[in-house]
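Undergrad: One file: protein_0.pdb (PDB, C-alpha atoms).
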MODEL        1
ATOM      1  CA  MET A  23       0.000   0.000   0.000
ATOM      2  CA  ARG A  24       1.157   3.504  -0.803
ATOM      3  CA  ALA A  25       0.343   6.791   0.879
ATOM      4  CA  ILE A  26       1.144  10.390   0.112
ATOM      5  CA  VAL A  27       1.408  12.963   2.887
ATOM      6  CA  VAL A  28       0.656  16.504   1.693
ATOM      7  CA  ASP A  29       1.547  19.168   4.246
ATOM      8  CA  ASP A  30       3.723  22.279   4.144
ATOM      9  CA  SER A  31       5.159  21.498   7.574
ATOM     10  CA  ARG A  32       8.099  19.120   7.383
ATOM     11  CA  ALA A  33       7.557  18.162  11.025
ATOM     12  CA  MET A  34       3.932  17.225  10.373
ATOM     13  CA  ARG A  35       4.898  15.227   7.280
ATOM     14  CA  LEU A  36       7.392  13.359   9.428
ATOM     15  CA  ILE A  37       4.798  12.613  12.110
ATOM     16  CA  LEU A  38       2.293  11.338   9.543
ATOM     17  CA  ARG A  39       4.975   9.336   7.733
ATOM     18  CA  ARG A  40       5.923   7.695  11.014
ATOM     19  CA  ILE A  41       2.338   6.741  11.856
ATOM     20  CA  VAL A  42       1.316   5.267   8.513
ATOM     21  CA  GLY A  43       4.787   3.903   7.863
ATOM     22  CA  GLN A  44       4.590   1.758  10.975
ATOM     23  CA  VAL A  45       1.486  -0.007   9.642
ATOM     24  CA  GLY A  46       3.189  -0.841   6.384
ATOM     25  CA  PHE A  47       2.564   2.034   3.994
ATOM     26  CA  GLU A  48       5.236   3.121   1.577
ATOM     27  CA  VAL A  49       5.082   6.895   2.036
ATOM     28  CA  HIS A  50       5.629   9.759  -0.393
ATOM     29  CA  GLU A  51       5.715  13.389   0.717
ATOM     30  CA  ALA A  52       4.693  16.674  -0.880
ATOM     31  CA  GLU A  53       4.731  20.197   0.553
ATOM     32  CA  ASP A  54       1.629  21.419  -1.278
ATOM     33  CA  GLY A  55      -1.167  20.190  -3.504
ATOM     34  CA  GLN A  56       0.532  20.982  -6.800
ATOM     35  CA  VAL A  57       3.716  19.154  -5.826
ATOM     36  CA  ALA A  58       1.536  16.200  -4.841
ATOM     37  CA  LEU A  59      -0.280  16.166  -8.206
ATOM     38  CA  ASP A  60       3.052  16.348 -10.048
ATOM     39  CA  LEU A  61       4.505  13.567  -7.920
ATOM     40  CA  ILE A  62       1.485  11.324  -8.434
ATOM     41  CA  ALA A  63       1.596  11.957 -12.183
ATOM     42  CA  GLY A  64       5.076  10.458 -12.200
ATOM     43  CA  LEU A  65       4.084   7.294 -10.354
ATOM     44  CA  ASP A  66       3.039   4.107 -12.127
ATOM     45  CA  LYS A  67      -0.092   4.033  -9.963
ATOM     46  CA  ALA A  68      -1.751   6.582  -7.695
ATOM     47  CA  PRO A  69      -1.308   6.019  -3.944
ATOM     48  CA  ASP A  70      -4.040   4.220  -2.036
ATOM     49  CA  LEU A  71      -4.212   6.986   0.567
ATOM     50  CA  ALA A  72      -3.621  10.748   0.649
ATOM     51  CA  LEU A  73      -3.357  12.587   3.970
ATOM     52  CA  VAL A  74      -3.902  16.234   3.113
ATOM     53  CA  ASP A  75      -3.488  19.444   5.081
ATOM     54  CA  TRP A  76      -5.905  22.263   4.240
ATOM     55  CA  ASN A  77      -3.871  25.483   4.477
ATOM     56  CA  MET A  78      -0.827  25.285   2.226
ATOM     57  CA  PRO A  79       0.826  27.680  -0.202
ATOM     58  CA  VAL A  80       0.546  27.293  -4.003
ATOM     59  CA  MET A  81      -2.330  24.770  -3.925
ATOM     60  CA  ASN A  82      -4.337  24.213  -0.778
ATOM     61  CA  GLY A  83      -5.763  20.910   0.358
ATOM     62  CA  LEU A  84      -9.316  21.583  -0.737
ATOM     63  CA  ASP A  85      -8.207  22.333  -4.306
ATOM     64  CA  PHE A  86      -6.040  19.217  -4.245
ATOM     65  CA  VAL A  87      -9.038  17.104  -3.222
ATOM     66  CA  LYS A  88     -11.122  18.599  -6.032
ATOM     67  CA  ALA A  89      -8.341  17.954  -8.577
ATOM     68  CA  ALA A  90      -7.844  14.404  -7.343
ATOM     69  CA  ARG A  91     -11.554  13.633  -7.557
ATOM     70  CA  ALA A  92     -11.643  14.933 -11.119
ATOM     71  CA  ASP A  93      -8.752  12.727 -12.220
ATOM     72  CA  GLU A  94      -9.603   9.193 -13.297
ATOM     73  CA  ARG A  95      -6.175   7.897 -12.195
ATOM     74  CA  MET A  96      -6.898   8.902  -8.614
ATOM     75  CA  ARG A  97     -10.449   7.554  -8.545
ATOM     76  CA  ASP A  98      -9.602   4.852  -5.998
ATOM     77  CA  MET A  99      -7.360   7.003  -3.799
ATOM     78  CA  THR A 100      -8.776   7.539  -0.306
ATOM     79  CA  LEU A 101      -8.569  11.203   0.684
ATOM     80  CA  VAL A 102      -8.261  12.187   4.331
ATOM     81  CA  MET A 103      -8.062  15.830   5.330
ATOM     82  CA  VAL A 104      -5.702  16.366   8.293
ATOM     83  CA  THR A 105      -6.054  19.947   9.382
ATOM     84  CA  THR A 106      -6.735  22.520  12.096
ATOM     85  CA  GLU A 107      -9.847  23.652  10.187
ATOM     86  CA  SER A 108     -12.401  22.154  12.546
ATOM     87  CA  GLU A 109     -15.614  24.116  11.935
ATOM     88  CA  GLN A 110     -18.540  22.015  10.743
ATOM     89  CA  SER A 111     -18.881  24.192   7.648
ATOM     90  CA  GLN A 112     -15.292  23.443   6.667
ATOM     91  CA  VAL A 113     -15.718  19.727   7.296
ATOM     92  CA  ALA A 114     -18.836  19.801   5.099
ATOM     93  CA  ARG A 115     -16.948  21.614   2.313
ATOM     94  CA  ALA A 116     -14.163  19.047   2.350
ATOM     95  CA  LEU A 117     -16.540  16.093   2.326
ATOM     96  CA  ALA A 118     -18.607  17.687  -0.452
ATOM     97  CA  ALA A 119     -15.426  18.146  -2.490
ATOM     98  CA  GLY A 120     -14.701  14.433  -2.210
ATOM     99  CA  ALA A 121     -12.722  13.874   0.976
ATOM    100  CA  HIS A 122     -13.555  10.541   2.620
ATOM    101  CA  GLU A 123     -12.595  11.420   6.178
ATOM    102  CA  TYR A 124     -11.531  14.341   8.283
ATOM    103  CA  VAL A 125      -8.947  14.410  11.090
ATOM    104  CA  ILE A 126      -8.419  17.488  13.222
ATOM    105  CA  LYS A 127      -4.971  18.509  14.501
ATOM    106  CA  PRO A 128      -3.749  17.696  17.058
ATOM    107  CA  PHE A 129      -4.418  13.986  16.631
ATOM    108  CA  THR A 130      -2.912  10.968  18.320
ATOM    109  CA  SER A 131      -1.482   8.056  16.421
ATOM    110  CA  ASP A 132      -4.298   5.852  17.722
ATOM    111  CA  ALA A 133      -6.995   8.280  16.585
ATOM    112  CA  LEU A 134      -5.592   8.487  13.071
ATOM    113  CA  LEU A 135      -5.160   4.725  12.766
ATOM    114  CA  GLU A 136      -8.708   4.199  14.028
ATOM    115  CA  LYS A 137     -10.036   6.436  11.240
ATOM    116  CA  LEU A 138      -7.936   4.591   8.685
ATOM    117  CA  GLY A 139      -9.227   1.320  10.098
ATOM    118  CA  LEU A 140     -12.802   2.465   9.567
ATOM    119  CA  LEU A 141     -11.870   3.198   5.959
ATOM    120  CA  GLY A 142     -10.536  -0.341   5.596
ATOM    121  CA  LEU A 143      -6.942   0.799   5.132
ATOM    122  CA  VAL A 144      -5.527  -0.586   8.374
ATOM    123  CA  PRO A 145      -6.414  -3.968   9.890
ATOM    124  CA  SER A 146      -8.445  -3.511  13.064
ATOM    125  CA  GLY A 147      -6.498  -3.932  16.286
ATOM    126  CA  VAL A 148      -3.281  -2.411  14.909
TER     127      VAL A 148
ATOM    128  CA  MET B  17     -16.489  43.862  16.619
ATOM    129  CA  SER B  18     -15.847  42.584  20.097
ATOM    130  CA  MET B  19     -17.280  39.273  21.226
ATOM    131  CA  ALA B  20     -19.084  38.721  24.472
ATOM    132  CA  ALA B  21     -16.572  37.974  27.200
ATOM    133  CA  ALA B  22     -18.085  34.547  27.796
ATOM    134  CA  ALA B  23     -17.297  33.482  24.224
ATOM    135  CA  LEU B  24     -13.627  34.425  24.250
ATOM    136  CA  PRO B  25     -11.000  31.742  24.753
ATOM    137  CA  THR B  26      -9.637  31.347  28.258
ATOM    138  CA  GLU B  27      -6.477  30.078  29.910
ATOM    139  CA  GLU B  28      -8.331  26.799  30.518
ATOM    140  CA  ASP B  29      -8.988  26.473  26.787
ATOM    141  CA  LEU B  30      -5.272  26.954  26.118
ATOM    142  CA  GLU B  31      -4.462  24.279  28.702
ATOM    143  CA  VAL B  32      -6.776  21.792  26.984
ATOM    144  CA  ILE B  33      -5.255  22.533  23.559
ATOM    145  CA  LEU B  34      -1.695  22.328  24.872
ATOM    146  CA  ASP B  35      -2.448  19.076  26.661
ATOM    147  CA  GLN B  36      -3.753  17.578  23.404
ATOM    148  CA  ILE B  37      -0.630  18.706  21.538
ATOM    149  CA  TRP B  38       1.621  17.252  24.224
ATOM    150  CA  THR B  39      -0.259  13.951  24.184
ATOM    151  CA  SER B  40      -0.171  13.807  20.393
ATOM    152  CA  TYR B  41       3.314  14.958  19.482
ATOM    153  CA  VAL B  42       5.527  16.089  22.345
ATOM    154  CA  ASP B  43       5.134  13.645  25.210
ATOM    155  CA  PRO B  44       2.866  10.727  24.200
ATOM    156  CA  GLU B  45       3.995   8.685  27.204
ATOM    157  CA  GLY B  46       3.046  11.437  29.635
ATOM    158  CA  ALA B  47       6.462  11.299  31.236
ATOM    159  CA  GLU B  48       7.274  15.002  31.186
ATOM    160  CA  PRO B  49       4.131  17.147  31.313
ATOM    161  CA  PHE B  50       4.033  20.870  30.697
ATOM    162  CA  LEU B  51       4.019  22.600  34.083
ATOM    163  CA  PRO B  52       1.834  25.736  34.216
ATOM    164  CA  GLY B  53       3.237  28.596  36.242
ATOM    165  CA  PRO B  54       5.297  31.722  35.910
ATOM    166  CA  SER B  55       7.693  31.538  33.003
ATOM    167  CA  GLY B  56       9.167  35.018  33.177
ATOM    168  CA  ASP B  57       9.471  36.570  29.767
ATOM    169  CA  PRO B  58      10.632  33.705  27.579
ATOM    170  CA  MET B  59      12.592  35.794  25.143
ATOM    171  CA  GLY B  60      13.832  33.726  22.271
ATOM    172  CA  TYR B  61      11.525  32.585  19.524
ATOM    173  CA  ARG B  62       8.063  33.970  18.823
ATOM    174  CA  ALA B  63       5.603  32.238  16.517
ATOM    175  CA  TRP B  64       2.165  33.567  15.756
ATOM    176  CA  VAL B  65      -0.862  33.328  13.530
ATOM    177  CA  CYS B  66      -3.339  36.112  12.821
ATOM    178  CA  ILE B  67      -7.083  35.604  12.925
ATOM    179  CA  ASP B  68      -9.218  37.975  10.884
ATOM    180  CA  GLY B  69     -12.970  38.312  10.553
ATOM    181  CA  SER B  70     -15.685  39.623  12.833
ATOM    182  CA  TRP B  71     -13.118  38.960  15.579
ATOM    183  CA  SER B  72      -9.509  39.889  14.891
ATOM    184  CA  GLY B  73      -6.419  39.095  16.844
ATOM    185  CA  GLN B  74      -3.407  36.888  17.164
ATOM    186  CA  VAL B  75      -2.306  33.696  18.841
ATOM    187  CA  VAL B  76       1.305  33.946  19.975
ATOM    188  CA  VAL B  77       3.728  31.260  21.123
ATOM    189  CA  ARG B  78       6.855  32.485  22.917
ATOM    190  CA  CYS B  79       9.653  30.298  24.123
ATOM    191  CA  SER B  80      13.293  30.328  25.029
ATOM    192  CA  THR B  81      15.893  29.203  22.524
ATOM    193  CA  GLY B  82      16.416  26.081  24.633
ATOM    194  CA  GLN B  83      12.698  25.311  24.624
ATOM    195  CA  ALA B  84      12.579  25.783  20.855
ATOM    196  CA  SER B  85      15.266  23.126  20.454
ATOM    197  CA  LEU B  86      13.539  20.763  22.901
ATOM    198  CA  LEU B  87      10.201  21.062  21.112
ATOM    199  CA  THR B  88      11.802  20.590  17.712
ATOM    200  CA  ASN B  89      13.587  17.499  18.971
ATOM    201  CA  ALA B  90      10.276  16.141  20.297
ATOM    202  CA  PHE B  91       8.368  16.776  17.076
ATOM    203  CA  LEU B  92      11.149  15.228  15.003
ATOM    204  CA  ALA B  93      11.547  12.211  17.285
ATOM    205  CA  GLY B  94      12.774   9.194  15.399
ATOM    206  CA  SER B  95      14.229  11.159  12.518
ATOM    207  CA  ASP B  96      17.872  11.751  11.713
ATOM    208  CA  ASP B  97      17.242  15.446  11.187
ATOM    209  CA  GLU B  98      19.627  17.888  12.832
ATOM    210  CA  ILE B  99      18.072  20.651  14.900
ATOM    211  CA  THR B 100      18.632  23.596  12.593
ATOM    212  CA  ASP B 101      17.005  27.017  12.617
ATOM    213  CA  ASP B 102      14.857  25.976   9.645
ATOM    214  CA  ARG B 103      13.568  22.968  11.579
ATOM    215  CA  ILE B 104      12.840  25.135  14.627
ATOM    216  CA  VAL B 105      10.930  27.653  12.501
ATOM    217  CA  ASP B 106       8.917  24.829  10.929
ATOM    218  CA  VAL B 107       8.001  23.247  14.266
ATOM    219  CA  LEU B 108       7.142  26.484  16.057
ATOM    220  CA  GLY B 109       5.115  27.618  13.037
ATOM    221  CA  GLU B 110       3.141  24.375  13.070
ATOM    222  CA  LEU B 111       2.655  24.673  16.839
ATOM    223  CA  ALA B 112       1.246  28.202  16.420
ATOM    224  CA  ASN B 113      -0.888  26.955  13.524
ATOM    225  CA  ILE B 114      -2.404  24.142  15.582
ATOM    226  CA  VAL B 115      -3.103  26.330  18.607
ATOM    227  CA  GLY B 116      -4.447  29.099  16.373
ATOM    228  CA  GLY B 117      -6.678  26.731  14.430
ATOM    229  CA  ASN B 118      -8.200  25.393  17.613
ATOM    230  CA  ILE B 119      -8.740  28.921  18.938
ATOM    231  CA  LYS B 120     -10.324  29.925  15.634
ATOM    232  CA  SER B 121     -12.854  27.117  15.999
ATOM    233  CA  MET B 122     -14.189  28.930  19.103
ATOM    234  CA  LEU B 123     -14.687  32.173  17.188
ATOM    235  CA  PRO B 124     -17.296  33.281  14.634
ATOM    236  CA  ALA B 125     -17.362  31.149  11.502
ATOM    237  CA  ASP B 126     -16.270  33.994   9.225
ATOM    238  CA  CYS B 127     -12.828  34.160  10.860
ATOM    239  CA  VAL B 128      -9.847  33.032   8.802
ATOM    240  CA  LEU B 129      -6.386  31.976   9.912
ATOM    241  CA  SER B 130      -3.167  33.357   8.432
ATOM    242  CA  PRO B 131      -0.102  31.259   7.701
ATOM    243  CA  PRO B 132       2.242  31.148  10.705
ATOM    244  CA  HIS B 133       5.007  33.693  11.207
ATOM    245  CA  VAL B 134       8.118  32.914  13.232
ATOM    246  CA  ALA B 135      10.727  35.365  14.551
ATOM    247  CA  GLY B 136      14.031  34.220  15.964
ATOM    248  CA  PRO B 137      15.979  35.630  18.910
ATOM    249  CA  ALA B 138      17.783  38.200  16.766
ATOM    250  CA  GLU B 139      14.612  39.638  15.279
ATOM    251  CA  ARG B 140      12.867  42.500  16.978
ATOM    252  CA  GLY B 141       9.237  43.524  16.823
ATOM    253  CA  GLU B 142       6.128  42.512  18.689
ATOM    254  CA  PRO B 143       3.732  40.146  16.952
ATOM    255  CA  ALA B 144       0.756  41.998  18.454
ATOM    256  CA  PRO B 145       1.749  45.641  18.959
ATOM    257  CA  GLU B 146      -1.760  47.120  19.130
ATOM    258  CA  ALA B 147      -3.763  44.482  20.905
ATOM    259  CA  VAL B 148      -5.034  43.574  24.332
ATOM    260  CA  ARG B 149      -4.288  40.219  25.873
ATOM    261  CA  VAL B 150      -7.347  37.973  26.168
ATOM    262  CA  CYS B 151      -5.662  35.062  27.946
ATOM    263  CA  GLU B 152      -2.286  33.484  28.482
ATOM    264  CA  LEU B 153      -0.925  30.132  29.540
ATOM    265  CA  SER B 154       2.652  30.183  30.728
ATOM    266  CA  GLY B 155       4.878  27.603  32.296
ATOM    267  CA  THR B 156       7.832  25.364  31.704
ATOM    268  CA  TRP B 157       8.591  22.118  29.980
ATOM    269  CA  LEU B 158      11.824  20.386  30.916
ATOM    270  CA  ASP B 159      12.739  23.542  32.876
ATOM    271  CA  GLU B 160      12.583  25.782  29.808
ATOM    272  CA  PRO B 161       9.930  28.524  29.538
ATOM    273  CA  LEU B 162       6.989  28.595  27.164
ATOM    274  CA  ALA B 163       4.012  30.947  26.963
ATOM    275  CA  ILE B 164       0.965  30.926  24.697
ATOM    276  CA  SER B 165      -1.304  33.934  24.541
ATOM    277  CA  VAL B 166      -4.335  35.187  22.638
ATOM    278  CA  TRP B 167      -4.560  38.867  21.750
ATOM    279  CA  GLU B 168      -7.505  40.855  20.457
ATOM    280  CA  ARG B 169      -6.709  43.593  17.991
ATOM    281  CA  THR B 170      -7.961  46.970  19.129
ATOM    282  CA  THR B 171      -7.472  48.826  15.845
ATOM    283  CA  THR B 172      -8.316  47.857  12.277
TER     284      THR B 172
ENDMDL
END
Before we go any further, please render this structure as structure tokens.

TA:
Amino acid sequence: MRAIVVDDSRAMRLILRRIVGQVGFEVHEAEDGQVALDLIAGLDKAPDLALVDWNMPVMNGLDFVKAARADERMRDMTLVMVTTESEQSQVARALAAGAHEYVIKPFTSDALLEKLGLLGLVPSGV
Amino acid sequence: MSMAAAALPTEEDLEVILDQIWTSYVDPEGAEPFLPGPSGDPMGYRAWVCIDGSWSGQVVVRCSTGQASLLTNAFLAGSDDEITDDRIVDVLGELANIVGGNIKSMLPADCVLSPPHVAGPAERGEPAPEAVRVCELSGTWLDEPLAISVWERTTT
């Protein structure tokens, strides 16, 4: 399984890489949505999972989600927003744009893995 | 526009947010908790985010240079990264972003959060020069000072 972590904070990318890496994901990193789209375009197959921050320079997470949903190659990629944007209206916007799940910072490793488990991406009990 | 006092964030709110950050990223084992109390004026790094909308202000993180290195080391745990100024700026910016985002969620829905700004020890200037302090949480972690405060802008 492959994942891509899209966040402008290197520290947050590292934290997310560590969490999903320990349950077996091969992890790619991108510092904004455009870099992520370019990176995915160069892969033989789109990742199974994208963990996406909302507020980033160049291309934000919401625009990345919209672009991913519009691209046939990324049709099967699970999109999880990981962000400080916690208002219900923002959650609704992200889900309407095509995000599958929403995780609010700060999050624990267990909380993130539980969400991924509910999405069928991590065996339960991990 | 000023919000009703009851709706503004409090020191207790900051404690809850900080506790969640510590549990998530800084001290998952709970071995070295943040200790609230006087921190003096932790001159060193300042990181802040601006909130603009029907409520305007800033969320400011201040810490000593030693605390900045400790926090960066904690966030980067398990990596081979050296603690450089760039890494410190990244970590403190993300810390301000997380605290600010959680504060913003308590404010009117039209409020928006700026990208984080970080100033190092050699840089002068107050992040909130024309603002009144709404609340502050100060204390120490591993004997190094840290303070988080919320400021309401008094001019537009």

Undergrad: How far is it from atom CA of Thr170 of chain B to atom CA of Cys151 of chain B, in Å with one decimal?

TA: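 It comes out at 15.0 Å.
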
Undergrad: Using all atoms listed in the file, which residues sit within 9 Å of Tyr41 of chain B once same-chain residues fewer than 2 positions away are excluded, as an mmCIF file with C-alpha atoms, keeping the file's coordinate frame?

TA:
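result-v3.cif, freshly written:
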data_model
loop_
_atom_site.group_PDB
_atom_site.id
_atom_site.type_symbol
_atom_site.label_atom_id
_atom_site.label_comp_id
_atom_site.auth_asym_id
_atom_site.auth_seq_id
_atom_site.Cartn_x
_atom_site.Cartn_y
_atom_site.Cartn_z
ATOM 1 C CA ILE A 37 4.798 12.613 12.110
ATOM 2 C CA PRO A 128 -3.749 17.696 17.058
ATOM 3 C CA PHE A 129 -4.418 13.986 16.631
ATOM 4 C CA THR A 130 -2.912 10.968 18.320
ATOM 5 C CA SER A 131 -1.482 8.056 16.421
ATOM 6 C CA GLN B 36 -3.753 17.578 23.404
ATOM 7 C CA ILE B 37 -0.630 18.706 21.538
ATOM 8 C CA TRP B 38 1.621 17.252 24.224
ATOM 9 C CA THR B 39 -0.259 13.951 24.184
ATOM 10 C CA ASP B 43 5.134 13.645 25.210
ATOM 11 C CA PRO B 44 2.866 10.727 24.200
ATOM 12 C CA ALA B 90 10.276 16.141 20.297
ATOM 13 C CA PHE B 91 8.368 16.776 17.076
ATOM 14 C CA ALA B 93 11.547 12.211 17.285
#

Undergrad: Grab the atom CA of Ser95 of chain B to atom CA of Leu61 of chain A distance for me, in Å with one decimal place.

TA: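 Going from atom CA of Ser95 of chain B over to atom CA of Leu61 of chain A, I get 22.8 Å.
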
Undergrad: So what does the ChimeraX specification (/A :<6) & /B actually pick up in this one, as an NGL selection string?

TA: :B and (37 or 40 or 114 or 117 or 121)

Undergrad: Would you write out, as a ChimeraX atom specification, every residue that the PyMOL selection byres ((chain B and resi 104) around 12) captures in this file?

TA: /A:31-33 /B:60-63,79-92,97-103,105-111,134-137
